[in-house]
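Only one structure is covered here, and it is reproduced in the block below.
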Amino acid sequence: MIFGLKNLPVQLRVLANDDDATPIGLIGQKMVPILVKDDGTAMPESLDIVRYVDSQFAEPLLQDTIRPQIEAWLKAVGGLIGHLTTVRFTQMPLGEFSSQSAIDYFTTKKSATLGDFAENIAKTAEYLQKLAPHLAALEDLLQSESALNGQLSLEDIVVFPILRNLTCVKGISFPPKLATYVKKMAELSRVNLYFDTAI
């Protein structure tokens with residue numbers, strides 16, 4: 001997302017979900033994303049990577065702030081999003097799930113907290129009904145079609161990926177202004193949405 005917003009070239013390498021060796025070899029633990037810099041050193045932690053790229057390449061774009069209302073929104077939806085998105089990932093054309101062993105690894109790990117994937121998907125209408133007021137509340141906090149608080153900030157970095165992942169849910173309906181924001185941010189950041197492969 002940050003590379004797209006800043007129009008910077010980046011080489012993406014997708015790791016199989018059951019590939020422990022590569023991330024452990026780079027940073028000592030299984031975690032993604034990882035930024036491997038031009039000098040070969042590796043950096044974990046999404047927001048650390050975002051801050052580094054934003055500060056080191058061209059003029060900084062992002063306000064380094066997140067409103068308390070957005071923090072509260074993230075906390076409110078935290079226990080709900082995975083029941084709609086995570087349970088669908090292994091059925092989508094994603095490189096990290098290109099092998100059955102990667103699918104099995106992920107399913108076993110995530111089922112421990114989310115429950116059976118198929119049962120979650122069967123409850124999609126129920127989960128979407130619970131999500132709807134949260135999406136309406138987020139729209140009330142939206143100040144621009146191209147930035148949550150009116151200027152690009154860490155708010156966009158933490159919220160847009162959640163909204164983008166929700167586009168994998170067939171039948172998802174964003175409030176009008178929020179829908180415009182999702183499409184605009186996808187365009188600005190050069191990140192694809194999942195509407196065409198939604199389940």
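Going through the structure tokens in order, the chains are called A, B, and so on, while each chain numbers its residues from 1 and the ligands are numbered from 1 in the order shown.
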Sorted by chain and rising residue number, list the residues of range 60-140 of chain A at most 12 Å from range 175-192 of chain A (counting only C-alpha atoms), each with its closest atom pair and distance in Å to one decimal, as CSV.
residue,atom,partner,partner_atom,distance
A:Leu131,CA,A:Pro175,CA,11.6
A:Ala132,CA,A:Pro175,CA,8.7
A:Pro133,CA,A:Pro175,CA,9.9
A:His134,CA,A:Pro175,CA,10.4
A:Leu135,CA,A:Pro175,CA,7.0
A:Ala136,CA,A:Pro175,CA,6.4
A:Ala137,CA,A:Pro175,CA,9.8
A:Leu138,CA,A:Leu178,CA,7.8
A:Glu139,CA,A:Leu178,CA,5.5
A:Asp140,CA,A:Leu178,CA,9.1
Output file for the selection above: N, CA, C and O atoms, as a compact mmCIF listing (two decimals), in the first residue's frame:
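Result saved to again_13.txt:
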# COMPACT_ATOMS: atom_id res chain seq x y z
N LEU A 131 -22.02 -6.38 11.30
CA LEU A 131 -21.01 -5.45 10.80
C LEU A 131 -21.60 -4.13 10.31
O LEU A 131 -20.95 -3.08 10.41
N ALA A 132 -22.82 -4.16 9.79
CA ALA A 132 -23.41 -2.99 9.13
C ALA A 132 -23.35 -1.71 9.97
O ALA A 132 -22.94 -0.66 9.46
N PRO A 133 -23.73 -1.72 11.25
CA PRO A 133 -23.66 -0.47 12.01
C PRO A 133 -22.23 0.03 12.20
O PRO A 133 -22.01 1.24 12.30
N HIS A 134 -21.27 -0.87 12.22
CA HIS A 134 -19.87 -0.45 12.34
C HIS A 134 -19.40 0.25 11.06
O HIS A 134 -18.65 1.23 11.11
N LEU A 135 -19.84 -0.26 9.91
CA LEU A 135 -19.49 0.40 8.65
C LEU A 135 -20.14 1.77 8.57
O LEU A 135 -19.53 2.74 8.10
N ALA A 136 -21.37 1.89 9.05
CA ALA A 136 -22.04 3.19 9.07
C ALA A 136 -21.31 4.15 9.99
O ALA A 136 -21.16 5.34 9.67
N ALA A 137 -20.84 3.65 11.13
CA ALA A 137 -20.10 4.50 12.06
C ALA A 137 -18.79 4.97 11.45
O ALA A 137 -18.37 6.12 11.64
N LEU A 138 -18.14 4.09 10.70
CA LEU A 138 -16.89 4.48 10.04
C LEU A 138 -17.14 5.54 8.98
O LEU A 138 -16.36 6.49 8.84
N GLU A 139 -18.24 5.40 8.25
CA GLU A 139 -18.55 6.41 7.24
C GLU A 139 -18.73 7.78 7.89
O GLU A 139 -18.32 8.81 7.32
N ASP A 140 -19.29 7.82 9.09
CA ASP A 140 -19.46 9.09 9.80
C ASP A 140 -18.12 9.73 10.15
O ASP A 140 -18.04 10.95 10.32
Report as CSV the residues of range 99-198 of chain A within 7 Å of range 68-89 of chain A, each with its shortest atom pair and distance in Å (one decimal), using only C-alpha atoms, ordered by chain and increasing residue number.
residue,atom,partner,partner_atom,distance
A:Leu114,CA,A:His83,CA,6.4
A:Phe117,CA,A:Val87,CA,5.0
A:Asn120,CA,A:His83,CA,5.9
A:Ile121,CA,A:Leu84,CA,6.9
A:Thr124,CA,A:Leu84,CA,6.6
A:Tyr127,CA,A:Leu84,CA,7.0
A:Asn165,CA,A:Thr85,CA,6.2
A:Leu166,CA,A:Thr85,CA,6.0
A:Cys168,CA,A:Thr85,CA,6.7
A:Val169,CA,A:Leu84,CA,6.7
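Every residue of chain A with a DSSP assignment of strand (DSSP E or B), taken from the backbone, is listed as Leu35, Val36, Ala42, Met43, Gln63, Ser144, Ala147 and Ser153 of chain A.
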Counting only C-alpha atoms, what are the residues of range 87-131 of chain A within 7 Å of range 6-20 of chain A, and for each of them which pair of atoms is the nearest and at what distance in Å, to one decimal? Sort the table by chain and rising number, as a Markdown table.
| residue | atom | partner | partner_atom | distance |
| --- | --- | --- | --- | --- |
| A:Gly95 | CA | A:Val14 | CA | 6.3 |
| A:Glu96 | CA | A:Ala16 | CA | 4.1 |
| A:Phe97 | CA | A:Ala16 | CA | 6.2 |
| A:Ser101 | CA | A:Asp18 | CA | 7.0 |
| A:Ala102 | CA | A:Asp18 | CA | 4.8 |
| A:Tyr105 | CA | A:Asp18 | CA | 5.9 |
| A:Phe106 | CA | A:Asn17 | CA | 6.6 |
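Here CA of Ser153 in chain A stands at a distance of 7.5 Å from CA of Ile66 in chain A.
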Skipping near chain neighbours, those fewer than 5 positions away, what residues fall within 9 Å of Lys170 in chain A using only C-alpha atoms, listed as a PyMOL selection string? chain A and resi 124+195+197-199
Just the residues within 9 Å of range 24-31 of chain A, please, counting only C-alpha atoms, with nothing from its chain fewer than 6 positions along; format it as a compact mmCIF listing (two decimals) with all heavy atoms, in the first residue's frame.
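Just written: around.txt:
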# COMPACT_ATOMS: atom_id res chain seq x y z
N THR A 41 19.48 -6.20 4.52
CA THR A 41 18.93 -6.31 5.86
C THR A 41 17.41 -6.40 5.79
O THR A 41 16.78 -5.87 4.87
CB THR A 41 19.33 -5.12 6.75
OG1 THR A 41 18.85 -3.91 6.16
CG2 THR A 41 20.84 -5.05 6.90
N ALA A 42 16.83 -7.06 6.79
CA ALA A 42 15.38 -7.32 6.77
C ALA A 42 14.70 -6.61 7.93
O ALA A 42 15.24 -6.53 9.03
CB ALA A 42 15.12 -8.81 6.84
N MET A 43 13.50 -6.10 7.67
CA MET A 43 12.72 -5.37 8.68
C MET A 43 11.32 -5.97 8.75
O MET A 43 10.63 -6.06 7.74
CB MET A 43 12.63 -3.88 8.28
CG MET A 43 11.68 -3.07 9.14
SD MET A 43 11.49 -1.35 8.56
CE MET A 43 13.07 -0.68 9.01
N PRO A 44 10.88 -6.37 9.96
CA PRO A 44 9.51 -6.85 10.14
C PRO A 44 8.61 -5.72 10.63
O PRO A 44 9.04 -4.57 10.72
CB PRO A 44 9.68 -7.91 11.23
CG PRO A 44 10.77 -7.35 12.10
CD PRO A 44 11.71 -6.58 11.18
N GLU A 45 7.37 -6.07 10.95
CA GLU A 45 6.37 -5.16 11.53
C GLU A 45 5.83 -4.16 10.49
O GLU A 45 6.52 -3.27 10.04
CB GLU A 45 6.92 -4.39 12.74
CG GLU A 45 7.30 -5.27 13.90
CD GLU A 45 6.10 -5.86 14.63
OE1 GLU A 45 4.95 -5.55 14.26
OE2 GLU A 45 6.32 -6.64 15.57
Applying 9 Å and only C-alpha atoms, which residues near Val159 in chain A remain after dropping the ones on its own chain fewer than 4 positions away? List them as a short mmCIF file (atom, residue, chain, number, x, y, z; two decimals) with N, CA and C atoms, in the first residue's frame.
data_model
loop_
_atom_site.label_atom_id
_atom_site.label_comp_id
_atom_site.auth_asym_id
_atom_site.auth_seq_id
_atom_site.Cartn_x
_atom_site.Cartn_y
_atom_site.Cartn_z
N ILE A 70 -11.06 6.17 15.69
CA ILE A 70 -10.65 5.09 14.80
C ILE A 70 -10.10 3.93 15.60
N LEU A 74 -11.58 0.15 15.43
CA LEU A 74 -10.76 -1.04 15.18
C LEU A 74 -10.99 -2.09 16.27
N LEU A 148 -9.13 9.09 5.25
CA LEU A 148 -10.12 9.01 6.33
C LEU A 148 -10.25 10.31 7.10
N LEU A 154 -1.76 7.27 9.04
CA LEU A 154 -1.74 5.88 9.47
C LEU A 154 -3.14 5.31 9.60
N GLU A 155 -4.14 6.17 9.74
CA GLU A 155 -5.52 5.67 9.76
C GLU A 155 -5.82 4.87 8.50
N LEU A 163 -11.00 -3.07 5.11
CA LEU A 163 -12.08 -2.86 4.14
C LEU A 163 -11.79 -3.61 2.85
N ARG A 164 -10.54 -3.60 2.44
CA ARG A 164 -10.16 -4.32 1.22
C ARG A 164 -10.43 -5.81 1.40
#
Point-to-point distance in Å for CA of Leu152 in chain A and CA of Ile49 in chain A: 16.3 Å
Which residue of A:Leu142, A:Ala147, A:Met1, A:Leu128 approaches Ile172 in chain A most closely, using only C-alpha atoms: A:Leu128
